[in-house]
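Engineer: One structure is given below, represented as structure tokens, and several questions about it will come after.
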Amino acid sequence: MSDRKARLSIDGCTQPIELAVHSPTLGPDVIDVGDLSGHGFFTHDPGFTSTSSCESKITYIDGDKGVLLHRGYPIEQLAAQCSYLEVAYLLLNGELPNAAQGAEFSSAISRHSMVTEWLRDFYNGFRYDAHPMAMLCGVVGALSSFYHDLLDIHDAEHQQITTHRLLSKMPTLAAIAYKHSIGQPALYPRNELDYTSNFLYMMYGTPCETYEVDPVVARAMDRIFILHADHEQNASTSTVRLAGSTGANPFTCIAAGVAALWGPSHGGANEAVIHMLEEIGDIKNVDSVVARAKDKDDPFRLMGFGHRVYKNFDPRATVMKQTCDEVLEALGVSDPSLEIAKRLEEIALEDDYFIEKKLYPNVDFYSGIILRAIGIPLNMFTVIFALGRTAGWLAHWNEMIAEGSKIGRPRQLYTGPAKRDVKPLGER
Ligand code: ACO
């Protein structure tokens with residue numbers, strides 16, 4: 001908080017309205033407009049381009065400088081030195097775990113990895129070609145039906161066990177969705193494996209033979225989870241918070257987050273990037289695609305480009321690109337899409353349209369190529385994003401409950417008809 005005040009003069013009002021100005025630890029000062037309604041006004045900001053919706057201590061982004069910090073730690077350092085579970089611990093608890101805390105957390109998470117057989121039966125109700133994100137939305141919400149006795153959102157023990165359950169069961173739920181779509185039996189988790197290896201085992205293992213997790217693949221997947229773990233008040237996290245502000249249980253709040261993530265403007269972009277690269281097909285077509293992206297009359301956009309907050313390189317994309325090169329080399333995979341992606345990036349970064357609008361590759365631009373190289377099917381890409389983001393969603397839900405937030409209830413600029421009377425049917 002600071003002593004600074006903002007004064008808002010409005011035509012027709014005798015006195016300016018005085019508004020408090022808050023100073024965050026990092027980032028620009030924030031004008032508190034909460035008192036405006038008491039003066040008969042409220043603000044209008046569709047898409048929340050200039051509006052902070054909450055106070056948070058979890059993640060900081062400087063979009064102009066291309067900086068992303070979780071609890072103060074740069075994403076590049078976390079990606080290089082930590083595991084996903086350590087980052088999840090950090091997001092949830094505010095500090096990185098020491099060895100004993102890390103081992104205890106990992107063991108607590110692994111103990112919840114199974115899902116009840118009744119829930120496994122739910123999958124048989126989905127068609128063979130159901131999108132895994134559609135299944136995930138349904139089964140995550142359905143988890144709440146099994147834990148009636150542990151859904152007091154203000155009870156610290158209930159909060160913790162639900163947090164552990166969600167973090168632990170997401171890989172199992174995701175892998176069952178995949179197995180359902182290819183008609184293979186779902187595997188039970190193997191808790192002696194680490195979090196990410198266990199997910200890969202449930203994805204690629206079969207009951208017929210032993211599946212050895214490739215450490216290169218496990219490390220790449222773990223890094224993808226880290227790079228997606230949190231991103232402050234993005235659309236899906238804000239959805240989790242909005243749903244949670246009503247007092248809804250966390251399983252349903254996270255299901256709401258999964259639903260919001262699915263859109264191609266958000267987490268669905270990683271799937272859309274691969275579709276786009278496949279449609280381009282050849283480096284020689286890159287110029288015409290860039291021309292389409294610039295054409296005002298064409299709704300086409302370069303998927304994986306642009307971001308609401310980053311007006312510089314998305315630091316996650318930089319790590320992702322490096323990981324992409326490493327993984328493809330280690331696995332000996334040659335993917336023509338990578339060449340197309342690199343050329344596209346080169347052309348776009350030199351083009352006035354992209355320079356002026358500050359459009360840079362975002363996290364989704366290279367993640368799809370890595371996921372494809374390690375054998376993840378296209379319709380599972382956004383599910384992988386949801387797995388990683390679960391740590392962030394839970395951290396924000398816990399923070400919001402601890403802070404005791406008000407129900408989220410935006411106002412609107414009404415532009416419909418003024419009051420009028422209903423005419424009898426014959427006169428309408
Ligand atoms: N290709 C071409 N032009 C673009 C692109 C793009 N990918 N992104 C933005 N623009 C243009 C817009 O047409 C607009 O131009 P105008 O000012 O002439 O009208 C301008 O840049 C600003 O774009 P907005 O849509 O107003 O920016 P906003 O912040 O609302 O949107 C978004 C950000 C949704 C990410 C957008 O850049 C986009 O659609 N990108 C492609 C989808 C994508 O990659 N999404 C993943 C985001 S990251 C994540 O969620 C993990």
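Order determines the names: the first chain of the structure tokens is A, the second B, and so forth; residues in each chain are numbered 1 upward, and ligands are numbered 1 upward as they are shown.
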Find the residues around stretch 6-10 of chain A up to 10 Å (only C-alpha atoms counted), leave out those fewer than 2 positions away in its own chain, and share them as a list in words.
Structural biologist: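 Listing them by chain and then by number gives Arg4, Gly12, Cys13, Thr14, Gln15, Pro16, Ile17, Glu18, Leu19, Ala20, Val21, Val30, Ile31, Asp32, Val33 and Leu36 of chain A.
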Engineer: Include N, CA and C atoms and write out the residues we just selected as a PDB file, in the first residue's frame.
Structural biologist:
```pdb
ATOM      1  N   ARG A   4      -0.073   7.372  -1.926  1.00  0.00           N
ATOM      2  CA  ARG A   4      -0.462   8.085  -3.152  1.00  0.00           C
ATOM      3  C   ARG A   4      -1.948   7.946  -3.390  1.00  0.00           C
ATOM      4  N   GLY A  12     -19.617  17.116 -14.576  1.00  0.00           N
ATOM      5  CA  GLY A  12     -20.896  17.127 -13.867  1.00  0.00           C
ATOM      6  C   GLY A  12     -20.746  16.834 -12.389  1.00  0.00           C
ATOM      7  N   CYS A  13     -19.574  16.377 -11.949  1.00  0.00           N
ATOM      8  CA  CYS A  13     -19.366  16.124 -10.507  1.00  0.00           C
ATOM      9  C   CYS A  13     -18.575  17.300  -9.941  1.00  0.00           C
ATOM     10  N   THR A  14     -18.992  17.799  -8.803  1.00  0.00           N
ATOM     11  CA  THR A  14     -18.325  18.973  -8.251  1.00  0.00           C
ATOM     12  C   THR A  14     -16.934  18.647  -7.728  1.00  0.00           C
ATOM     13  N   GLN A  15     -16.799  17.507  -7.079  1.00  0.00           N
ATOM     14  CA  GLN A  15     -15.517  17.132  -6.461  1.00  0.00           C
ATOM     15  C   GLN A  15     -14.881  15.973  -7.227  1.00  0.00           C
ATOM     16  N   PRO A  16     -13.552  15.960  -7.385  1.00  0.00           N
ATOM     17  CA  PRO A  16     -12.923  14.749  -7.944  1.00  0.00           C
ATOM     18  C   PRO A  16     -13.076  13.574  -6.958  1.00  0.00           C
ATOM     19  N   ILE A  17     -13.127  12.394  -7.499  1.00  0.00           N
ATOM     20  CA  ILE A  17     -13.220  11.207  -6.631  1.00  0.00           C
ATOM     21  C   ILE A  17     -11.796  10.761  -6.313  1.00  0.00           C
ATOM     22  N   GLU A  18     -11.534  10.567  -5.032  1.00  0.00           N
ATOM     23  CA  GLU A  18     -10.189  10.177  -4.614  1.00  0.00           C
ATOM     24  C   GLU A  18     -10.087   8.656  -4.518  1.00  0.00           C
ATOM     25  N   LEU A  19      -9.074   8.117  -5.176  1.00  0.00           N
ATOM     26  CA  LEU A  19      -8.928   6.658  -5.188  1.00  0.00           C
ATOM     27  C   LEU A  19      -7.553   6.272  -4.640  1.00  0.00           C
ATOM     28  N   ALA A  20      -7.519   5.188  -3.865  1.00  0.00           N
ATOM     29  CA  ALA A  20      -6.239   4.727  -3.300  1.00  0.00           C
ATOM     30  C   ALA A  20      -5.359   4.144  -4.409  1.00  0.00           C
ATOM     31  N   VAL A  21      -4.047   4.292  -4.243  1.00  0.00           N
ATOM     32  CA  VAL A  21      -3.096   3.692  -5.200  1.00  0.00           C
ATOM     33  C   VAL A  21      -2.235   2.694  -4.430  1.00  0.00           C
ATOM     34  N   VAL A  30      -1.160   0.294  -8.850  1.00  0.00           N
ATOM     35  CA  VAL A  30      -2.512  -0.165  -9.180  1.00  0.00           C
ATOM     36  C   VAL A  30      -3.529   0.773  -8.523  1.00  0.00           C
ATOM     37  N   ILE A  31      -4.413   1.336  -9.343  1.00  0.00           N
ATOM     38  CA  ILE A  31      -5.449   2.236  -8.808  1.00  0.00           C
ATOM     39  C   ILE A  31      -6.629   1.397  -8.336  1.00  0.00           C
ATOM     40  N   ASP A  32      -7.019   1.598  -7.082  1.00  0.00           N
ATOM     41  CA  ASP A  32      -8.104   0.806  -6.494  1.00  0.00           C
ATOM     42  C   ASP A  32      -9.436   1.497  -6.801  1.00  0.00           C
ATOM     43  N   VAL A  33     -10.214   0.884  -7.696  1.00  0.00           N
ATOM     44  CA  VAL A  33     -11.482   1.515  -8.098  1.00  0.00           C
ATOM     45  C   VAL A  33     -12.670   0.961  -7.311  1.00  0.00           C
ATOM     46  N   LEU A  36     -15.550   3.210  -6.259  1.00  0.00           N
ATOM     47  CA  LEU A  36     -16.290   3.995  -7.262  1.00  0.00           C
ATOM     48  C   LEU A  36     -17.790   3.773  -7.208  1.00  0.00           C
TER      49      LEU A  36
END
```
Engineer: Write out as a ChimeraX atom specification which residues come within 9 Å of stretch 87-89 of chain A when counting only C-alpha atoms, dropping same-chain ones fewer than 2 positions away.
Structural biologist: /A:70,78-79,82-85,91-97,102,105,167,226,229,388,390-392,395
Engineer: Can you write out the residues you just picked, keeping N, CA and C atoms, as a short mmCIF file (atom, residue, chain, number, x, y, z; two decimals), in the first residue's frame?
Structural biologist:
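The result, stored in out.cif:
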```cif
data_model
loop_
_atom_site.label_atom_id
_atom_site.label_comp_id
_atom_site.auth_asym_id
_atom_site.auth_seq_id
_atom_site.Cartn_x
_atom_site.Cartn_y
_atom_site.Cartn_z
N HIS A 70 8.21 -17.36 -10.40
CA HIS A 70 7.30 -18.05 -9.48
C HIS A 70 7.85 -17.88 -8.07
N LEU A 78 14.13 -22.45 -12.57
CA LEU A 78 13.27 -23.56 -12.10
C LEU A 78 13.29 -24.70 -13.11
N ALA A 79 13.20 -24.35 -14.40
CA ALA A 79 13.16 -25.38 -15.45
C ALA A 79 14.48 -26.16 -15.49
N CYS A 82 14.96 -27.77 -11.16
CA CYS A 82 13.95 -28.38 -10.28
C CYS A 82 13.11 -29.39 -11.03
N SER A 83 12.40 -30.22 -10.25
CA SER A 83 11.42 -31.13 -10.85
C SER A 83 10.06 -30.43 -10.80
N TYR A 84 9.10 -30.98 -11.55
CA TYR A 84 7.76 -30.41 -11.54
C TYR A 84 7.16 -30.44 -10.13
N LEU A 85 7.36 -31.55 -9.42
CA LEU A 85 6.77 -31.62 -8.08
C LEU A 85 7.38 -30.58 -7.14
N LEU A 91 4.85 -23.44 -5.61
CA LEU A 91 3.65 -22.65 -5.89
C LEU A 91 2.66 -22.75 -4.73
N LEU A 92 2.54 -23.95 -4.18
CA LEU A 92 1.55 -24.17 -3.12
C LEU A 92 1.99 -23.63 -1.77
N ASN A 93 3.31 -23.74 -1.49
CA ASN A 93 3.78 -23.41 -0.13
C ASN A 93 4.63 -22.16 -0.03
N GLY A 94 5.04 -21.60 -1.15
CA GLY A 94 5.79 -20.35 -1.10
C GLY A 94 7.29 -20.52 -1.09
N GLU A 95 7.79 -21.69 -0.76
CA GLU A 95 9.25 -21.94 -0.73
C GLU A 95 9.55 -23.24 -1.45
N LEU A 96 10.78 -23.35 -1.98
CA LEU A 96 11.20 -24.63 -2.56
C LEU A 96 11.42 -25.62 -1.42
N PRO A 97 11.11 -26.89 -1.65
CA PRO A 97 11.30 -27.86 -0.55
C PRO A 97 12.78 -28.20 -0.38
N GLY A 102 10.75 -32.41 0.18
CA GLY A 102 10.47 -32.86 -1.18
C GLY A 102 10.06 -34.33 -1.19
N PHE A 105 6.60 -34.73 0.35
CA PHE A 105 5.55 -34.26 -0.57
C PHE A 105 5.33 -35.28 -1.69
N LEU A 167 -3.77 -33.10 -7.59
CA LEU A 167 -2.44 -33.12 -8.22
C LEU A 167 -2.06 -34.55 -8.60
N ILE A 226 6.61 -28.13 -15.92
CA ILE A 226 7.11 -26.95 -15.19
C ILE A 226 6.76 -25.67 -15.94
N ALA A 229 3.25 -24.70 -15.39
CA ALA A 229 2.72 -24.85 -14.03
C ALA A 229 1.85 -23.67 -13.55
N GLY A 388 -0.02 -29.89 -16.18
CA GLY A 388 0.97 -28.96 -15.62
C GLY A 388 0.30 -27.82 -14.87
N THR A 390 -2.41 -27.66 -13.31
CA THR A 390 -3.17 -28.02 -12.10
C THR A 390 -2.48 -27.47 -10.84
N ALA A 391 -1.15 -27.51 -10.81
CA ALA A 391 -0.43 -26.99 -9.62
C ALA A 391 -0.77 -25.50 -9.43
N GLY A 392 -0.74 -24.74 -10.51
CA GLY A 392 -1.04 -23.31 -10.42
C GLY A 392 -2.50 -23.07 -10.02
N ALA A 395 -2.79 -23.73 -6.40
CA ALA A 395 -2.13 -22.69 -5.58
C ALA A 395 -3.03 -21.45 -5.49
#
```
Engineer: Do you know which residues are within 8 Å of ligand 1 using only C-alpha atoms and all ligand atoms? Can you write them as a PyMOL selection string?
Structural biologist: chain A and resi 47+49+228+234-235+261+264-270+273+293-294+296+300-309+354+357-359+361-365
Engineer: Can those selected residues be exported to a file as a short mmCIF file (atom, residue, chain, number, x, y, z; two decimals), in the first residue's frame so that it contains N, CA and C atoms?
Structural biologist:
```cif
data_model
loop_
_atom_site.label_atom_id
_atom_site.label_comp_id
_atom_site.auth_asym_id
_atom_site.auth_seq_id
_atom_site.Cartn_x
_atom_site.Cartn_y
_atom_site.Cartn_z
N GLY A 47 -12.42 -7.89 -21.29
CA GLY A 47 -11.16 -8.62 -21.47
C GLY A 47 -10.15 -8.32 -20.37
N THR A 49 -8.18 -5.89 -19.71
CA THR A 49 -6.84 -5.52 -20.18
C THR A 49 -6.11 -4.60 -19.19
N HIS A 228 4.41 -25.04 -17.81
CA HIS A 228 2.97 -24.74 -17.82
C HIS A 228 2.39 -24.58 -16.41
N ASN A 234 -4.28 -15.82 -15.75
CA ASN A 234 -4.72 -16.16 -17.12
C ASN A 234 -6.19 -16.60 -17.10
N ALA A 235 -6.74 -16.85 -18.30
CA ALA A 235 -8.19 -17.11 -18.39
C ALA A 235 -8.62 -18.31 -17.54
N LEU A 261 -9.44 -23.72 -20.29
CA LEU A 261 -8.13 -23.91 -20.92
C LEU A 261 -8.26 -24.43 -22.36
N PRO A 264 -8.86 -22.45 -28.23
CA PRO A 264 -7.63 -22.25 -29.02
C PRO A 264 -6.90 -20.94 -28.73
N SER A 265 -7.59 -19.97 -28.11
CA SER A 265 -6.86 -18.74 -27.75
C SER A 265 -6.04 -18.96 -26.48
N HIS A 266 -6.26 -20.09 -25.82
CA HIS A 266 -5.55 -20.36 -24.55
C HIS A 266 -4.79 -21.68 -24.72
N GLY A 267 -5.09 -22.69 -23.90
CA GLY A 267 -4.30 -23.93 -23.93
C GLY A 267 -4.49 -24.74 -25.20
N GLY A 268 -5.61 -24.53 -25.88
CA GLY A 268 -5.85 -25.28 -27.13
C GLY A 268 -4.91 -24.86 -28.25
N ALA A 269 -4.13 -23.81 -28.01
CA ALA A 269 -3.25 -23.31 -29.08
C ALA A 269 -2.15 -24.32 -29.44
N ASN A 270 -1.71 -25.15 -28.47
CA ASN A 270 -0.62 -26.09 -28.81
C ASN A 270 -1.06 -27.10 -29.87
N VAL A 273 -1.33 -25.19 -33.22
CA VAL A 273 -0.03 -24.91 -33.86
C VAL A 273 0.35 -26.06 -34.79
N ALA A 293 -1.86 -14.04 -42.19
CA ALA A 293 -1.96 -13.61 -40.78
C ALA A 293 -2.05 -12.09 -40.68
N LYS A 294 -1.45 -11.40 -41.67
CA LYS A 294 -1.43 -9.93 -41.63
C LYS A 294 -2.66 -9.31 -42.27
N LYS A 296 -6.15 -8.09 -42.74
CA LYS A 296 -7.24 -7.69 -41.83
C LYS A 296 -8.55 -8.39 -42.15
N PHE A 300 -7.63 -15.58 -40.02
CA PHE A 300 -6.52 -16.47 -39.68
C PHE A 300 -5.48 -15.74 -38.82
N ARG A 301 -4.99 -16.44 -37.80
CA ARG A 301 -3.89 -15.92 -36.96
C ARG A 301 -2.78 -16.94 -36.91
N LEU A 302 -1.58 -16.48 -36.74
CA LEU A 302 -0.47 -17.42 -36.55
C LEU A 302 -0.62 -18.02 -35.16
N MET A 303 -0.95 -19.29 -35.10
CA MET A 303 -1.14 -19.91 -33.78
C MET A 303 0.22 -20.03 -33.09
N GLY A 304 0.21 -19.83 -31.77
CA GLY A 304 1.48 -19.88 -31.04
C GLY A 304 2.21 -18.55 -31.07
N PHE A 305 1.56 -17.52 -31.62
CA PHE A 305 2.15 -16.18 -31.65
C PHE A 305 1.25 -15.21 -30.89
N GLY A 306 1.88 -14.31 -30.17
CA GLY A 306 1.13 -13.25 -29.49
C GLY A 306 0.75 -13.68 -28.08
N HIS A 307 0.59 -12.70 -27.24
CA HIS A 307 0.20 -12.97 -25.86
C HIS A 307 -0.36 -11.69 -25.26
N ARG A 308 -1.36 -11.84 -24.41
CA ARG A 308 -1.95 -10.66 -23.79
C ARG A 308 -0.93 -9.90 -22.95
N VAL A 309 -0.05 -10.60 -22.25
CA VAL A 309 0.86 -9.91 -21.34
C VAL A 309 2.26 -9.73 -21.93
N PHE A 354 4.46 -7.81 -37.22
CA PHE A 354 4.68 -8.52 -35.95
C PHE A 354 5.52 -7.67 -35.00
N LYS A 357 3.19 -4.83 -33.60
CA LYS A 357 2.19 -5.36 -32.65
C LYS A 357 2.82 -6.16 -31.52
N LYS A 358 4.15 -6.24 -31.53
CA LYS A 358 4.90 -6.95 -30.49
C LYS A 358 4.41 -8.38 -30.34
N LEU A 359 4.35 -9.08 -31.46
CA LEU A 359 3.89 -10.47 -31.46
C LEU A 359 5.09 -11.40 -31.53
N PRO A 361 6.72 -15.53 -30.45
CA PRO A 361 6.25 -16.90 -30.19
C PRO A 361 5.92 -17.06 -28.70
N ASN A 362 4.83 -17.74 -28.40
CA ASN A 362 4.49 -18.01 -27.00
C ASN A 362 4.81 -19.46 -26.65
N VAL A 363 4.47 -19.86 -25.43
CA VAL A 363 4.87 -21.19 -24.93
C VAL A 363 4.38 -22.33 -25.82
N ASP A 364 3.27 -22.10 -26.51
CA ASP A 364 2.68 -23.19 -27.29
C ASP A 364 3.36 -23.41 -28.63
N PHE A 365 4.21 -22.48 -29.04
CA PHE A 365 4.74 -22.56 -30.39
C PHE A 365 5.64 -23.80 -30.56
#
```
Engineer: What parts of stretch 20-236 of chain A does DSSP call alpha helix (DSSP H)? I'd like the answer as a PyMOL selection string.
Structural biologist: chain A and resi 75-81+84-93+99-110+117-122+132-142+156-182+195-204+215-227+235-236
Engineer: Please provide as a list in words all residues within 8 Å of A:Thr162, with the sequence filter that same-chain residues fewer than 4 positions apart are discarded (counting only C-alpha atoms).
Structural biologist: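 Non-adjacent residues within range: Leu150, Leu151, His158, Leu166, Pro250 and Phe251 of chain A.
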Engineer: Measuring atom to atom with only C-alpha atoms, identify which of A:Val217, A:Gly426, A:Arg420, A:Pro132 is nearest to A:Arg372.
Structural biologist: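 Comparing A:Val217, A:Gly426, A:Arg420, A:Pro132 against A:Arg372, the winner is A:Val217.
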Engineer: Considering only C-alpha atoms, state which residue in the set A:Leu328, A:Leu413, A:Ala99, A:Val67 is at the smallest distance from A:Pro46.
Structural biologist: A:Leu413
Engineer: Could you name the residues that touch A:Trp118 at 12 Å or less, counting only C-alpha atoms, but leaving out those on the same chain fewer than 4 positions away, as number ranges by chain?
Structural biologist: A: 114, 122-125, 139, 142-143, 145-146
Engineer: With a distance cut-off of 6 Å and only C-alpha atoms, select the neighbouring residues of stretch 194-209 of chain A, excluding the residue or stretch itself and same-chain residues fewer than 5 positions from it, and output the selection as a list in words.
Structural biologist: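 The residues satisfying every condition are Pro171, Ala175, Leu187, Ala218 and Asp222 of chain A.
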Engineer: Can you write just those residues out, C-alpha atoms, as a PDB file, in the first residue's frame?
Structural biologist:
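Ended up saving to out.pdb:
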```pdb
ATOM      1  CA  PRO A 171      -2.081 -37.917 -14.622  1.00  0.00           C
ATOM      2  CA  ALA A 175      -3.879 -41.489 -19.122  1.00  0.00           C
ATOM      3  CA  LEU A 187      -3.112 -49.232 -16.321  1.00  0.00           C
ATOM      4  CA  ALA A 218      10.663 -38.120 -18.776  1.00  0.00           C
ATOM      5  CA  ASP A 222       8.675 -32.857 -16.631  1.00  0.00           C
TER       6      ASP A 222
END
```
Engineer: I want to know what sits within 9 Å of A:Ile153, based on only C-alpha atoms, with residues of the same chain fewer than 5 positions away left out; could you give that as a ChimeraX atom specification?
Structural biologist: /A:158-159,247-250,401
Engineer: Mind dumping the selected residues with all heavy atoms as a PDB file, in the first residue's frame?
Structural biologist:
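Printed below is selection.pdb as written:
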```pdb
ATOM      1  N   HIS A 158      -8.855 -30.640   5.018  1.00  0.00           N
ATOM      2  CA  HIS A 158      -9.610 -30.965   3.801  1.00  0.00           C
ATOM      3  C   HIS A 158      -8.965 -30.305   2.578  1.00  0.00           C
ATOM      4  O   HIS A 158      -8.847 -30.907   1.516  1.00  0.00           O
ATOM      5  CB  HIS A 158     -11.067 -30.486   3.912  1.00  0.00           C
ATOM      6  CG  HIS A 158     -11.879 -31.242   4.921  1.00  0.00           C
ATOM      7  ND1 HIS A 158     -13.253 -31.272   4.885  1.00  0.00           N
ATOM      8  CD2 HIS A 158     -11.514 -32.002   5.974  1.00  0.00           C
ATOM      9  CE1 HIS A 158     -13.689 -32.003   5.894  1.00  0.00           C
ATOM     10  NE2 HIS A 158     -12.660 -32.448   6.573  1.00  0.00           N
ATOM     11  N   GLN A 159      -8.552 -29.055   2.762  1.00  0.00           N
ATOM     12  CA  GLN A 159      -7.904 -28.335   1.644  1.00  0.00           C
ATOM     13  C   GLN A 159      -6.666 -29.085   1.183  1.00  0.00           C
ATOM     14  O   GLN A 159      -6.448 -29.274  -0.007  1.00  0.00           O
ATOM     15  CB  GLN A 159      -7.450 -26.946   2.100  1.00  0.00           C
ATOM     16  CG  GLN A 159      -8.525 -25.901   2.124  1.00  0.00           C
ATOM     17  CD  GLN A 159      -7.986 -24.608   2.758  1.00  0.00           C
ATOM     18  OE1 GLN A 159      -6.791 -24.396   2.861  1.00  0.00           O
ATOM     19  NE2 GLN A 159      -8.896 -23.759   3.179  1.00  0.00           N
ATOM     20  N   GLY A 247     -17.667 -20.376  -3.385  1.00  0.00           N
ATOM     21  CA  GLY A 247     -17.632 -21.414  -2.357  1.00  0.00           C
ATOM     22  C   GLY A 247     -17.768 -22.814  -2.953  1.00  0.00           C
ATOM     23  O   GLY A 247     -17.870 -23.797  -2.228  1.00  0.00           O
ATOM     24  N   ALA A 248     -17.758 -22.903  -4.292  1.00  0.00           N
ATOM     25  CA  ALA A 248     -17.854 -24.223  -4.947  1.00  0.00           C
ATOM     26  C   ALA A 248     -16.651 -25.074  -4.544  1.00  0.00           C
ATOM     27  O   ALA A 248     -15.582 -24.552  -4.249  1.00  0.00           O
ATOM     28  CB  ALA A 248     -17.869 -24.038  -6.465  1.00  0.00           C
ATOM     29  N   ASN A 249     -16.835 -26.399  -4.540  1.00  0.00           N
ATOM     30  CA  ASN A 249     -15.727 -27.257  -4.085  1.00  0.00           C
ATOM     31  C   ASN A 249     -14.591 -27.252  -5.122  1.00  0.00           C
ATOM     32  O   ASN A 249     -14.818 -27.026  -6.314  1.00  0.00           O
ATOM     33  CB  ASN A 249     -16.236 -28.663  -3.770  1.00  0.00           C
ATOM     34  CG  ASN A 249     -16.524 -29.458  -5.024  1.00  0.00           C
ATOM     35  OD1 ASN A 249     -15.618 -29.818  -5.760  1.00  0.00           O
ATOM     36  ND2 ASN A 249     -17.801 -29.710  -5.282  1.00  0.00           N
ATOM     37  N   PRO A 250     -13.351 -27.532  -4.681  1.00  0.00           N
ATOM     38  CA  PRO A 250     -12.199 -27.395  -5.582  1.00  0.00           C
ATOM     39  C   PRO A 250     -12.223 -28.332  -6.779  1.00  0.00           C
ATOM     40  O   PRO A 250     -11.667 -27.982  -7.827  1.00  0.00           O
ATOM     41  CB  PRO A 250     -10.996 -27.679  -4.685  1.00  0.00           C
ATOM     42  CG  PRO A 250     -11.536 -28.224  -3.426  1.00  0.00           C
ATOM     43  CD  PRO A 250     -12.944 -27.810  -3.292  1.00  0.00           C
ATOM     44  N   ILE A 401      -8.883 -18.886  -1.010  1.00  0.00           N
ATOM     45  CA  ILE A 401      -9.660 -19.305   0.160  1.00  0.00           C
ATOM     46  C   ILE A 401      -9.017 -18.741   1.430  1.00  0.00           C
ATOM     47  O   ILE A 401      -9.698 -18.243   2.328  1.00  0.00           O
ATOM     48  CB  ILE A 401      -9.760 -20.859   0.227  1.00  0.00           C
ATOM     49  CG1 ILE A 401     -10.500 -21.398  -1.011  1.00  0.00           C
ATOM     50  CG2 ILE A 401     -10.434 -21.330   1.515  1.00  0.00           C
ATOM     51  CD1 ILE A 401     -11.927 -20.936  -1.185  1.00  0.00           C
TER      52      ILE A 401
END
```
Engineer: Which residues of stretch 26-120 of chain A come within 12 Å of stretch 176-182 of chain A, and what is each one's closest atom pair and distance in Å (one decimal), counting only C-alpha atoms, sorted by chain and residue number, as CSV?
Structural biologist:
```
residue,atom,partner,partner_atom,distance
A:Met114,CA,A:Ile176,CA,11.1
A:Val115,CA,A:Ile176,CA,10.1
A:Glu117,CA,A:Ile176,CA,11.7
A:Leu119,CA,A:Ile176,CA,10.5
A:Arg120,CA,A:Ile176,CA,7.7
```
Engineer: I need the chosen residues saved as a PDB file, in the first residue's frame, with C-alpha atoms.
Structural biologist:
```pdb
ATOM      1  CA  MET A 114      -5.364 -44.350  -7.925  1.00  0.00           C
ATOM      2  CA  VAL A 115      -8.915 -43.398  -8.832  1.00  0.00           C
ATOM      3  CA  GLU A 117     -13.160 -48.112  -9.860  1.00  0.00           C
ATOM      4  CA  LEU A 119     -14.873 -43.390 -11.679  1.00  0.00           C
ATOM      5  CA  ARG A 120     -12.931 -45.619 -14.084  1.00  0.00           C
TER       6      ARG A 120
END
```
Engineer: Counting only C-alpha atoms, what are the residues of stretch 15-111 of chain A within 12 Å of stretch 237-243 of chain A, and for each of them which pair of atoms is the nearest and at what distance in Å, to one decimal? Sort the table by chain and rising number, as a tab-separated table.
Structural biologist:
```
residue	atom	partner	partner_atom	distance
A:Gly47	CA	A:Ser238	CA	11.6
A:Phe48	CA	A:Ser238	CA	10.7
A:Ser52	CA	A:Ser238	CA	10.7
A:Ser53	CA	A:Ser238	CA	8.4
A:Cys54	CA	A:Arg241	CA	9.4
A:Glu55	CA	A:Arg241	CA	11.8
A:Ser56	CA	A:Arg241	CA	11.5
A:Thr59	CA	A:Thr237	CA	11.8
```
Engineer: Keeping N, CA and C atoms, export the residues of the selection given above as a PDB file, in the first residue's frame.
Structural biologist:
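Contents of out12.pdb, as written:
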```pdb
ATOM      1  N   GLY A  47     -12.417  -7.887 -21.288  1.00  0.00           N
ATOM      2  CA  GLY A  47     -11.158  -8.616 -21.470  1.00  0.00           C
ATOM      3  C   GLY A  47     -10.152  -8.323 -20.368  1.00  0.00           C
ATOM      4  N   PHE A  48     -10.551  -7.485 -19.395  1.00  0.00           N
ATOM      5  CA  PHE A  48      -9.679  -7.159 -18.238  1.00  0.00           C
ATOM      6  C   PHE A  48      -8.281  -6.729 -18.674  1.00  0.00           C
ATOM      7  N   SER A  52      -6.789  -5.453 -12.415  1.00  0.00           N
ATOM      8  CA  SER A  52      -6.307  -6.512 -11.537  1.00  0.00           C
ATOM      9  C   SER A  52      -7.518  -7.048 -10.780  1.00  0.00           C
ATOM     10  N   SER A  53      -7.638  -8.364 -10.701  1.00  0.00           N
ATOM     11  CA  SER A  53      -8.835  -8.919 -10.062  1.00  0.00           C
ATOM     12  C   SER A  53      -8.572  -9.376  -8.638  1.00  0.00           C
ATOM     13  N   CYS A  54      -7.304  -9.441  -8.239  1.00  0.00           N
ATOM     14  CA  CYS A  54      -7.017  -9.950  -6.888  1.00  0.00           C
ATOM     15  C   CYS A  54      -5.586  -9.568  -6.502  1.00  0.00           C
ATOM     16  N   GLU A  55      -5.267  -9.783  -5.234  1.00  0.00           N
ATOM     17  CA  GLU A  55      -3.875  -9.690  -4.789  1.00  0.00           C
ATOM     18  C   GLU A  55      -3.311 -11.090  -4.825  1.00  0.00           C
ATOM     19  N   SER A  56      -2.071 -11.255  -5.219  1.00  0.00           N
ATOM     20  CA  SER A  56      -1.501 -12.604  -5.233  1.00  0.00           C
ATOM     21  C   SER A  56      -0.006 -12.547  -4.981  1.00  0.00           C
ATOM     22  N   THR A  59       2.877 -15.577  -8.577  1.00  0.00           N
ATOM     23  CA  THR A  59       3.627 -15.455  -9.841  1.00  0.00           C
ATOM     24  C   THR A  59       3.677 -13.999 -10.282  1.00  0.00           C
TER      25      THR A  59
END
```
Engineer: Near A:Gly257, within 6 Å and counting only C-alpha atoms, which residues show up once chain neighbours fewer than 2 positions away are dropped, as number ranges by chain?
Structural biologist: A: 236, 239-240, 254-255, 259-260
